[in-house]
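coords-v7.cif (mmCIF, N, CA and C atoms and all ligand atoms) appears below.
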```
data_coords
loop_
_atom_site.label_atom_id
_atom_site.label_comp_id
_atom_site.auth_asym_id
_atom_site.auth_seq_id
_atom_site.Cartn_x
_atom_site.Cartn_y
_atom_site.Cartn_z
N MET G 1 -4.12 15.24 13.95
CA MET G 1 -5.52 14.98 13.61
C MET G 1 -6.38 15.16 14.86
N ASN G 2 -7.17 16.21 14.93
CA ASN G 2 -8.01 16.49 16.10
C ASN G 2 -7.24 16.40 17.41
N GLY G 3 -6.02 16.90 17.40
CA GLY G 3 -5.20 16.89 18.61
C GLY G 3 -4.49 15.57 18.89
N VAL G 4 -4.78 14.56 18.09
CA VAL G 4 -4.10 13.27 18.28
C VAL G 4 -2.87 13.25 17.38
N LYS G 5 -1.73 13.01 18.02
CA LYS G 5 -0.50 12.98 17.22
C LYS G 5 -0.41 11.66 16.45
N ALA G 6 0.00 11.76 15.21
CA ALA G 6 0.14 10.55 14.40
C ALA G 6 1.44 10.61 13.61
N ILE G 7 2.06 9.48 13.47
CA ILE G 7 3.26 9.40 12.62
C ILE G 7 2.86 8.60 11.39
N ILE G 8 3.08 9.20 10.23
CA ILE G 8 2.67 8.54 8.99
C ILE G 8 3.90 8.19 8.15
N PHE G 9 3.98 6.94 7.74
CA PHE G 9 5.08 6.51 6.88
C PHE G 9 4.55 6.21 5.49
N ASP G 10 5.16 6.84 4.51
CA ASP G 10 4.85 6.50 3.12
C ASP G 10 5.90 5.48 2.71
N THR G 11 5.46 4.31 2.29
CA THR G 11 6.42 3.24 1.98
C THR G 11 6.59 3.09 0.46
N PRO G 12 7.69 2.51 0.04
CA PRO G 12 7.80 2.20 -1.39
C PRO G 12 6.76 1.13 -1.73
N GLY G 13 6.33 1.10 -2.96
CA GLY G 13 5.35 0.09 -3.37
C GLY G 13 6.01 -1.27 -3.53
N LEU G 14 5.31 -2.31 -3.09
CA LEU G 14 5.86 -3.67 -3.26
C LEU G 14 5.60 -4.14 -4.69
N ARG G 15 6.35 -5.16 -5.11
CA ARG G 15 6.22 -5.73 -6.47
C ARG G 15 6.36 -4.65 -7.54
N ASP G 16 7.44 -3.84 -7.40
CA ASP G 16 7.60 -2.72 -8.34
C ASP G 16 8.55 -3.04 -9.49
N GLU G 17 8.84 -4.32 -9.69
CA GLU G 17 9.69 -4.79 -10.79
C GLU G 17 11.19 -4.63 -10.51
N LYS G 18 11.54 -3.99 -9.39
CA LYS G 18 12.96 -3.87 -9.06
C LYS G 18 13.41 -5.02 -8.17
N GLY G 19 12.45 -5.82 -7.70
CA GLY G 19 12.79 -6.98 -6.87
C GLY G 19 13.34 -6.61 -5.51
N ASN G 20 12.94 -5.45 -4.98
CA ASN G 20 13.48 -4.98 -3.70
C ASN G 20 12.53 -5.20 -2.52
N ASP G 21 11.58 -6.09 -2.68
CA ASP G 21 10.56 -6.25 -1.64
C ASP G 21 11.15 -6.48 -0.25
N GLU G 22 12.19 -7.34 -0.17
CA GLU G 22 12.76 -7.65 1.15
C GLU G 22 13.35 -6.40 1.80
N THR G 23 14.03 -5.60 1.00
CA THR G 23 14.62 -4.35 1.51
C THR G 23 13.51 -3.41 1.99
N TYR G 24 12.45 -3.30 1.20
CA TYR G 24 11.34 -2.41 1.57
C TYR G 24 10.71 -2.86 2.88
N ILE G 25 10.50 -4.21 3.00
CA ILE G 25 9.88 -4.75 4.21
C ILE G 25 10.78 -4.48 5.43
N GLU G 26 12.10 -4.68 5.26
CA GLU G 26 13.03 -4.40 6.36
C GLU G 26 12.93 -2.94 6.79
N LEU G 27 12.86 -2.05 5.80
CA LEU G 27 12.74 -0.61 6.07
C LEU G 27 11.47 -0.33 6.87
N MET G 28 10.36 -0.93 6.42
CA MET G 28 9.08 -0.71 7.10
C MET G 28 9.15 -1.20 8.54
N ARG G 29 9.69 -2.41 8.69
CA ARG G 29 9.76 -3.01 10.04
C ARG G 29 10.70 -2.25 10.96
N SER G 30 11.74 -1.62 10.38
CA SER G 30 12.67 -0.85 11.21
C SER G 30 12.01 0.42 11.73
N LYS G 31 10.95 0.86 11.06
CA LYS G 31 10.24 2.08 11.48
C LYS G 31 9.10 1.77 12.42
N VAL G 32 8.34 0.74 12.10
CA VAL G 32 7.19 0.42 12.93
C VAL G 32 6.91 -1.08 12.89
N GLU G 33 6.86 -1.70 14.09
CA GLU G 33 6.66 -3.14 14.12
C GLU G 33 5.17 -3.48 13.98
N LYS G 34 4.34 -2.68 14.67
CA LYS G 34 2.91 -2.94 14.60
C LYS G 34 2.18 -1.61 14.37
N PRO G 35 1.80 -1.32 13.14
CA PRO G 35 1.10 -0.06 12.88
C PRO G 35 -0.30 -0.06 13.50
N ASP G 36 -0.79 1.13 13.86
CA ASP G 36 -2.16 1.22 14.39
C ASP G 36 -3.17 1.12 13.25
N SER G 37 -2.74 1.52 12.07
CA SER G 37 -3.60 1.44 10.90
C SER G 37 -2.72 1.39 9.66
N MET G 38 -3.25 0.83 8.61
CA MET G 38 -2.49 0.78 7.37
C MET G 38 -3.41 1.15 6.21
N LEU G 39 -2.92 1.96 5.31
CA LEU G 39 -3.68 2.24 4.09
C LEU G 39 -3.07 1.39 2.98
N TYR G 40 -3.88 0.54 2.38
CA TYR G 40 -3.42 -0.29 1.27
C TYR G 40 -3.93 0.38 0.00
N VAL G 41 -2.98 0.92 -0.76
CA VAL G 41 -3.37 1.71 -1.93
C VAL G 41 -3.15 0.92 -3.21
N SER G 42 -4.20 0.84 -4.02
CA SER G 42 -4.11 0.08 -5.25
C SER G 42 -4.85 0.82 -6.36
N ARG G 43 -4.40 0.65 -7.57
CA ARG G 43 -5.06 1.32 -8.70
C ARG G 43 -6.32 0.56 -9.09
N LEU G 44 -7.39 1.32 -9.27
CA LEU G 44 -8.65 0.67 -9.64
C LEU G 44 -8.72 0.36 -11.13
N ASP G 45 -7.89 1.05 -11.91
CA ASP G 45 -7.96 0.88 -13.37
C ASP G 45 -7.03 -0.23 -13.87
N GLU G 46 -6.35 -0.92 -12.96
CA GLU G 46 -5.45 -2.01 -13.38
C GLU G 46 -5.81 -3.27 -12.63
N THR G 47 -5.81 -4.40 -13.33
CA THR G 47 -6.03 -5.67 -12.65
C THR G 47 -4.69 -6.38 -12.58
N ARG G 48 -4.17 -6.48 -11.39
CA ARG G 48 -2.89 -7.17 -11.20
C ARG G 48 -3.07 -8.19 -10.08
N LYS G 49 -3.89 -9.17 -10.38
CA LYS G 49 -4.31 -10.14 -9.36
C LYS G 49 -3.12 -10.83 -8.69
N GLU G 50 -2.16 -11.30 -9.52
CA GLU G 50 -1.03 -12.05 -8.97
C GLU G 50 -0.17 -11.14 -8.10
N ASP G 51 0.05 -9.90 -8.54
CA ASP G 51 0.84 -8.94 -7.73
C ASP G 51 0.15 -8.68 -6.41
N ASP G 52 -1.17 -8.44 -6.46
CA ASP G 52 -1.92 -8.19 -5.22
C ASP G 52 -1.82 -9.39 -4.28
N ARG G 53 -1.94 -10.58 -4.86
CA ARG G 53 -1.88 -11.81 -4.05
C ARG G 53 -0.53 -11.90 -3.33
N GLN G 54 0.55 -11.64 -4.10
CA GLN G 54 1.90 -11.69 -3.51
C GLN G 54 2.09 -10.62 -2.43
N VAL G 55 1.62 -9.41 -2.73
CA VAL G 55 1.76 -8.30 -1.77
C VAL G 55 1.03 -8.62 -0.47
N ILE G 56 -0.18 -9.18 -0.61
CA ILE G 56 -0.98 -9.54 0.58
C ILE G 56 -0.23 -10.58 1.40
N LYS G 57 0.39 -11.57 0.72
CA LYS G 57 1.15 -12.60 1.42
C LYS G 57 2.36 -12.00 2.14
N ILE G 58 3.09 -11.13 1.44
CA ILE G 58 4.30 -10.52 1.99
C ILE G 58 3.96 -9.69 3.23
N ILE G 59 2.90 -8.87 3.12
CA ILE G 59 2.50 -8.02 4.25
C ILE G 59 2.02 -8.87 5.41
N SER G 60 1.26 -9.92 5.10
CA SER G 60 0.74 -10.79 6.16
C SER G 60 1.89 -11.42 6.95
N SER G 61 2.93 -11.89 6.25
CA SER G 61 4.02 -12.54 6.99
C SER G 61 4.94 -11.53 7.66
N ALA G 62 5.02 -10.32 7.11
CA ALA G 62 5.90 -9.31 7.73
C ALA G 62 5.27 -8.63 8.93
N LEU G 63 3.97 -8.34 8.84
CA LEU G 63 3.31 -7.58 9.91
C LEU G 63 2.27 -8.40 10.67
N GLY G 64 2.03 -9.61 10.21
CA GLY G 64 1.03 -10.46 10.86
C GLY G 64 -0.34 -10.26 10.21
N GLU G 65 -1.11 -11.36 10.17
CA GLU G 65 -2.40 -11.31 9.47
C GLU G 65 -3.39 -10.32 10.09
N LYS G 66 -3.18 -10.02 11.38
CA LYS G 66 -4.09 -9.10 12.08
C LYS G 66 -4.10 -7.72 11.44
N VAL G 67 -3.01 -7.41 10.73
CA VAL G 67 -2.89 -6.08 10.12
C VAL G 67 -4.12 -5.76 9.25
N TRP G 68 -4.71 -6.80 8.65
CA TRP G 68 -5.85 -6.57 7.75
C TRP G 68 -7.10 -6.12 8.50
N GLU G 69 -7.11 -6.35 9.82
CA GLU G 69 -8.28 -5.92 10.61
C GLU G 69 -8.32 -4.41 10.79
N TYR G 70 -7.17 -3.77 10.66
CA TYR G 70 -7.16 -2.30 10.80
C TYR G 70 -6.59 -1.63 9.54
N THR G 71 -6.85 -2.28 8.41
CA THR G 71 -6.40 -1.73 7.13
C THR G 71 -7.56 -1.03 6.41
N VAL G 72 -7.25 0.10 5.79
CA VAL G 72 -8.22 0.80 4.96
C VAL G 72 -7.78 0.61 3.51
N LEU G 73 -8.67 0.11 2.67
CA LEU G 73 -8.35 -0.06 1.25
C LEU G 73 -8.59 1.26 0.53
N VAL G 74 -7.59 1.72 -0.20
CA VAL G 74 -7.73 2.98 -0.95
C VAL G 74 -7.53 2.67 -2.43
N PHE G 75 -8.49 3.03 -3.24
CA PHE G 75 -8.36 2.80 -4.68
C PHE G 75 -8.15 4.14 -5.37
N THR G 76 -7.06 4.23 -6.12
CA THR G 76 -6.78 5.45 -6.88
C THR G 76 -7.17 5.22 -8.34
N PHE G 77 -7.10 6.27 -9.11
CA PHE G 77 -7.42 6.25 -10.54
C PHE G 77 -8.87 5.81 -10.81
N ALA G 78 -9.73 6.02 -9.82
CA ALA G 78 -11.16 5.72 -10.03
C ALA G 78 -11.70 6.64 -11.11
N ASN G 79 -11.13 7.84 -11.24
CA ASN G 79 -11.59 8.79 -12.26
C ASN G 79 -11.32 8.25 -13.67
N VAL G 80 -10.18 7.56 -13.84
CA VAL G 80 -9.83 7.00 -15.15
C VAL G 80 -10.82 5.91 -15.52
N LYS G 81 -11.08 5.03 -14.55
CA LYS G 81 -12.02 3.93 -14.78
C LYS G 81 -13.39 4.47 -15.21
N ALA G 82 -13.84 5.49 -14.48
CA ALA G 82 -15.17 6.04 -14.77
C ALA G 82 -15.25 6.61 -16.18
N SER G 83 -14.16 7.24 -16.63
CA SER G 83 -14.20 7.89 -17.94
C SER G 83 -14.10 6.89 -19.09
N GLN G 84 -13.77 5.62 -18.78
CA GLN G 84 -13.67 4.62 -19.84
C GLN G 84 -15.04 4.11 -20.28
N TYR G 85 -16.05 4.40 -19.49
CA TYR G 85 -17.37 3.86 -19.81
C TYR G 85 -18.35 4.96 -20.21
N1 LIG G 101 -5.47 10.56 -12.59
C1 LIG G 101 -5.02 10.17 -11.40
N2 LIG G 101 -3.69 10.25 -11.15
C2 LIG G 101 -3.25 9.83 -9.94
C3 LIG G 101 -4.13 9.31 -8.95
N3 LIG G 101 -3.38 8.95 -7.88
C4 LIG G 101 -2.11 9.21 -8.18
N4 LIG G 101 -2.01 9.75 -9.43
C5 LIG G 101 -0.78 10.15 -10.15
O1 LIG G 101 0.01 8.98 -10.37
C6 LIG G 101 1.39 9.29 -10.29
C7 LIG G 101 2.05 8.38 -9.29
O2 LIG G 101 1.53 8.65 -8.00
P1 LIG G 101 2.36 8.34 -6.70
O3 LIG G 101 1.53 8.77 -5.54
O4 LIG G 101 3.73 8.93 -6.80
O5 LIG G 101 2.43 6.76 -6.79
P2 LIG G 101 3.30 5.77 -5.93
O6 LIG G 101 2.72 4.44 -6.15
O7 LIG G 101 3.41 6.27 -4.53
O8 LIG G 101 4.72 5.82 -6.64
P3 LIG G 101 6.14 5.45 -5.99
O9 LIG G 101 6.18 6.06 -4.61
O10 LIG G 101 7.11 6.09 -6.94
O11 LIG G 101 6.20 3.96 -5.98
C8 LIG G 101 1.46 10.77 -9.93
O12 LIG G 101 1.70 11.49 -11.11
C9 LIG G 101 0.10 11.08 -9.34
O13 LIG G 101 -0.27 12.41 -9.53
C10 LIG G 101 -5.54 9.25 -9.25
O14 LIG G 101 -6.38 8.81 -8.46
N5 LIG G 101 -5.91 9.69 -10.49
MG MG G 102 4.92 6.73 -3.35
#
```

Output the file's structure in the form of structure tokens.
Amino acid sequence: MNGVKAIIFDTPGLRDEKGNDETYIELMRSKVEKPDSMLYVSRLDETRKEDDRQVIKIISSALGEKVWEYTVLVFTFANVKASQY
């Protein structure tokens, strides 16, 4: 990116019904202990308040609450939401 080297990790989604959150977190932590930035991707057309709450808690304890200071929220499926109205 503009001559700046970056390493990007695509992680499995947390709370995916397989109950593998701990394994996913271990995988993430084995790759990077403190990311410079994090993209938190969530669907805009679904309300999953309890899942989001759990994911936020899991990430906060795994990477530290400071992670939210350099997180970018990304909402997908905004096109679906728009077409419903
Ligand atoms: N219509 C629409 N489809 C999308 C959007 N974002 C992702 N998709 C589709 O949704 C499906 C799942 O996208 P992924 O990026 O694989 O989602 P993921 O959460 O990373 O899935 P896993 O890695 O398997 O957990 C794909 O078929 C994408 O093309 C969006 O904004 N709008
Ligand atoms: Mg994926």

(message) I need the residues in chain G that are strand (DSSP E or B) according to DSSP; give them as a list in words.
(response)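 Answer for chain G restricted to strand (DSSP E or B) is Met38, Leu39, Tyr40, Val41, Ser42, Arg43, Thr71, Val72, Leu73, Val74, Phe75 and Thr76 of chain G.
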
Mind listing the residues within 10 Å of ligand LIG 101 (chain G), only C-alpha atoms and all ligand atoms counted, as a PDB file with N, CA and C atoms, in the coordinates of the input?
```
ATOM      1  N   ASP G  10       5.160   6.840   4.510  1.00  0.00           N
ATOM      2  CA  ASP G  10       4.850   6.500   3.120  1.00  0.00           C
ATOM      3  C   ASP G  10       5.900   5.480   2.710  1.00  0.00           C
ATOM      4  N   THR G  11       5.460   4.310   2.290  1.00  0.00           N
ATOM      5  CA  THR G  11       6.420   3.240   1.980  1.00  0.00           C
ATOM      6  C   THR G  11       6.590   3.090   0.460  1.00  0.00           C
ATOM      7  N   PRO G  12       7.690   2.510   0.040  1.00  0.00           N
ATOM      8  CA  PRO G  12       7.800   2.200  -1.390  1.00  0.00           C
ATOM      9  C   PRO G  12       6.760   1.130  -1.730  1.00  0.00           C
ATOM     10  N   GLY G  13       6.330   1.100  -2.960  1.00  0.00           N
ATOM     11  CA  GLY G  13       5.350   0.090  -3.370  1.00  0.00           C
ATOM     12  C   GLY G  13       6.010  -1.270  -3.530  1.00  0.00           C
ATOM     13  N   LEU G  14       5.310  -2.310  -3.090  1.00  0.00           N
ATOM     14  CA  LEU G  14       5.860  -3.670  -3.260  1.00  0.00           C
ATOM     15  C   LEU G  14       5.600  -4.140  -4.690  1.00  0.00           C
ATOM     16  N   ARG G  15       6.350  -5.160  -5.110  1.00  0.00           N
ATOM     17  CA  ARG G  15       6.220  -5.730  -6.470  1.00  0.00           C
ATOM     18  C   ARG G  15       6.360  -4.650  -7.540  1.00  0.00           C
ATOM     19  N   ASP G  16       7.440  -3.840  -7.400  1.00  0.00           N
ATOM     20  CA  ASP G  16       7.600  -2.720  -8.340  1.00  0.00           C
ATOM     21  C   ASP G  16       8.550  -3.040  -9.490  1.00  0.00           C
ATOM     22  N   VAL G  41      -2.980   0.920  -0.760  1.00  0.00           N
ATOM     23  CA  VAL G  41      -3.370   1.710  -1.930  1.00  0.00           C
ATOM     24  C   VAL G  41      -3.150   0.920  -3.210  1.00  0.00           C
ATOM     25  N   SER G  42      -4.200   0.840  -4.020  1.00  0.00           N
ATOM     26  CA  SER G  42      -4.110   0.080  -5.250  1.00  0.00           C
ATOM     27  C   SER G  42      -4.850   0.820  -6.360  1.00  0.00           C
ATOM     28  N   ARG G  43      -4.400   0.650  -7.570  1.00  0.00           N
ATOM     29  CA  ARG G  43      -5.060   1.320  -8.700  1.00  0.00           C
ATOM     30  C   ARG G  43      -6.320   0.560  -9.090  1.00  0.00           C
ATOM     31  N   LEU G  44      -7.390   1.320  -9.270  1.00  0.00           N
ATOM     32  CA  LEU G  44      -8.650   0.670  -9.640  1.00  0.00           C
ATOM     33  C   LEU G  44      -8.720   0.360 -11.130  1.00  0.00           C
ATOM     34  N   ASP G  45      -7.890   1.050 -11.910  1.00  0.00           N
ATOM     35  CA  ASP G  45      -7.960   0.880 -13.370  1.00  0.00           C
ATOM     36  C   ASP G  45      -7.030  -0.230 -13.870  1.00  0.00           C
ATOM     37  N   VAL G  74      -7.590   1.720  -0.200  1.00  0.00           N
ATOM     38  CA  VAL G  74      -7.730   2.980  -0.950  1.00  0.00           C
ATOM     39  C   VAL G  74      -7.530   2.670  -2.430  1.00  0.00           C
ATOM     40  N   PHE G  75      -8.490   3.030  -3.240  1.00  0.00           N
ATOM     41  CA  PHE G  75      -8.360   2.800  -4.680  1.00  0.00           C
ATOM     42  C   PHE G  75      -8.150   4.140  -5.370  1.00  0.00           C
ATOM     43  N   THR G  76      -7.060   4.230  -6.120  1.00  0.00           N
ATOM     44  CA  THR G  76      -6.780   5.450  -6.880  1.00  0.00           C
ATOM     45  C   THR G  76      -7.170   5.220  -8.340  1.00  0.00           C
ATOM     46  N   PHE G  77      -7.100   6.270  -9.110  1.00  0.00           N
ATOM     47  CA  PHE G  77      -7.420   6.250 -10.540  1.00  0.00           C
ATOM     48  C   PHE G  77      -8.870   5.810 -10.810  1.00  0.00           C
ATOM     49  N   ALA G  78      -9.730   6.020  -9.820  1.00  0.00           N
ATOM     50  CA  ALA G  78     -11.160   5.720 -10.030  1.00  0.00           C
ATOM     51  C   ALA G  78     -11.700   6.640 -11.110  1.00  0.00           C
ATOM     52  N   ASN G  79     -11.130   7.840 -11.240  1.00  0.00           N
ATOM     53  CA  ASN G  79     -11.590   8.790 -12.260  1.00  0.00           C
ATOM     54  C   ASN G  79     -11.320   8.250 -13.670  1.00  0.00           C
ATOM     55  N   VAL G  80     -10.180   7.560 -13.840  1.00  0.00           N
ATOM     56  CA  VAL G  80      -9.830   7.000 -15.150  1.00  0.00           C
ATOM     57  C   VAL G  80     -10.820   5.910 -15.520  1.00  0.00           C
ATOM     58  N   LYS G  81     -11.080   5.030 -14.550  1.00  0.00           N
ATOM     59  CA  LYS G  81     -12.020   3.930 -14.780  1.00  0.00           C
ATOM     60  C   LYS G  81     -13.390   4.470 -15.210  1.00  0.00           C
TER      61      LYS G  81
END
```

(request) Just give me the gap between atom CA of G:Asp51 and atom CA of G:Glu33 in Å, one decimal is fine. (result)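 Between atom CA of G:Asp51 and atom CA of G:Glu33 the gap is 23.3 Å.
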
(request) Compare G:Ala6, G:Ser37, G:Met1, G:Tyr24 by their minimum atom-to-atom distance to G:Ala62, counting only C-alpha atoms, and give me the closest one. (result)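 Comparing G:Ala6, G:Ser37, G:Met1, G:Tyr24 against G:Ala62, the winner is G:Tyr24.
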
(request) Have a look at atom CA of G:Val72 and atom CA of G:Asn20 and let me know their distance in Å, one decimal. (result) 24.1 Å

(message) Residues proximal to (-2.6, -3.3, 2.1) were defined as those with any atom within 7 Å of that point in the file's coordinates, counting only C-alpha atoms. Which are they, as a ChimeraX atom specification?
(response) /G:38-41,56,71,73

(request) Go ahead and compute the interatomic distance for atom C of G:Leu27 and atom N of G:Phe9, in Å to one decimal. (result)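 Value for the atom C of G:Leu27-atom N of G:Phe9 distance: 10.5 Å.
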
(request) Extract, using only C-alpha atoms, all DNA, RNA and protein residues at most 10 Å from G:Val32, discarding same-chain residues fewer than 3 positions from it, and format them as number ranges by chain. (result) G: 7, 9, 27-29, 35-36, 63

(request) Enumerate, as a PyMOL selection string, the complete set of residues in stretch 23-76 of chain G that a backbone-based DSSP assignment places in helix (DSSP H, G or I). (result) chain G and resi 23-31+49-63+65-70
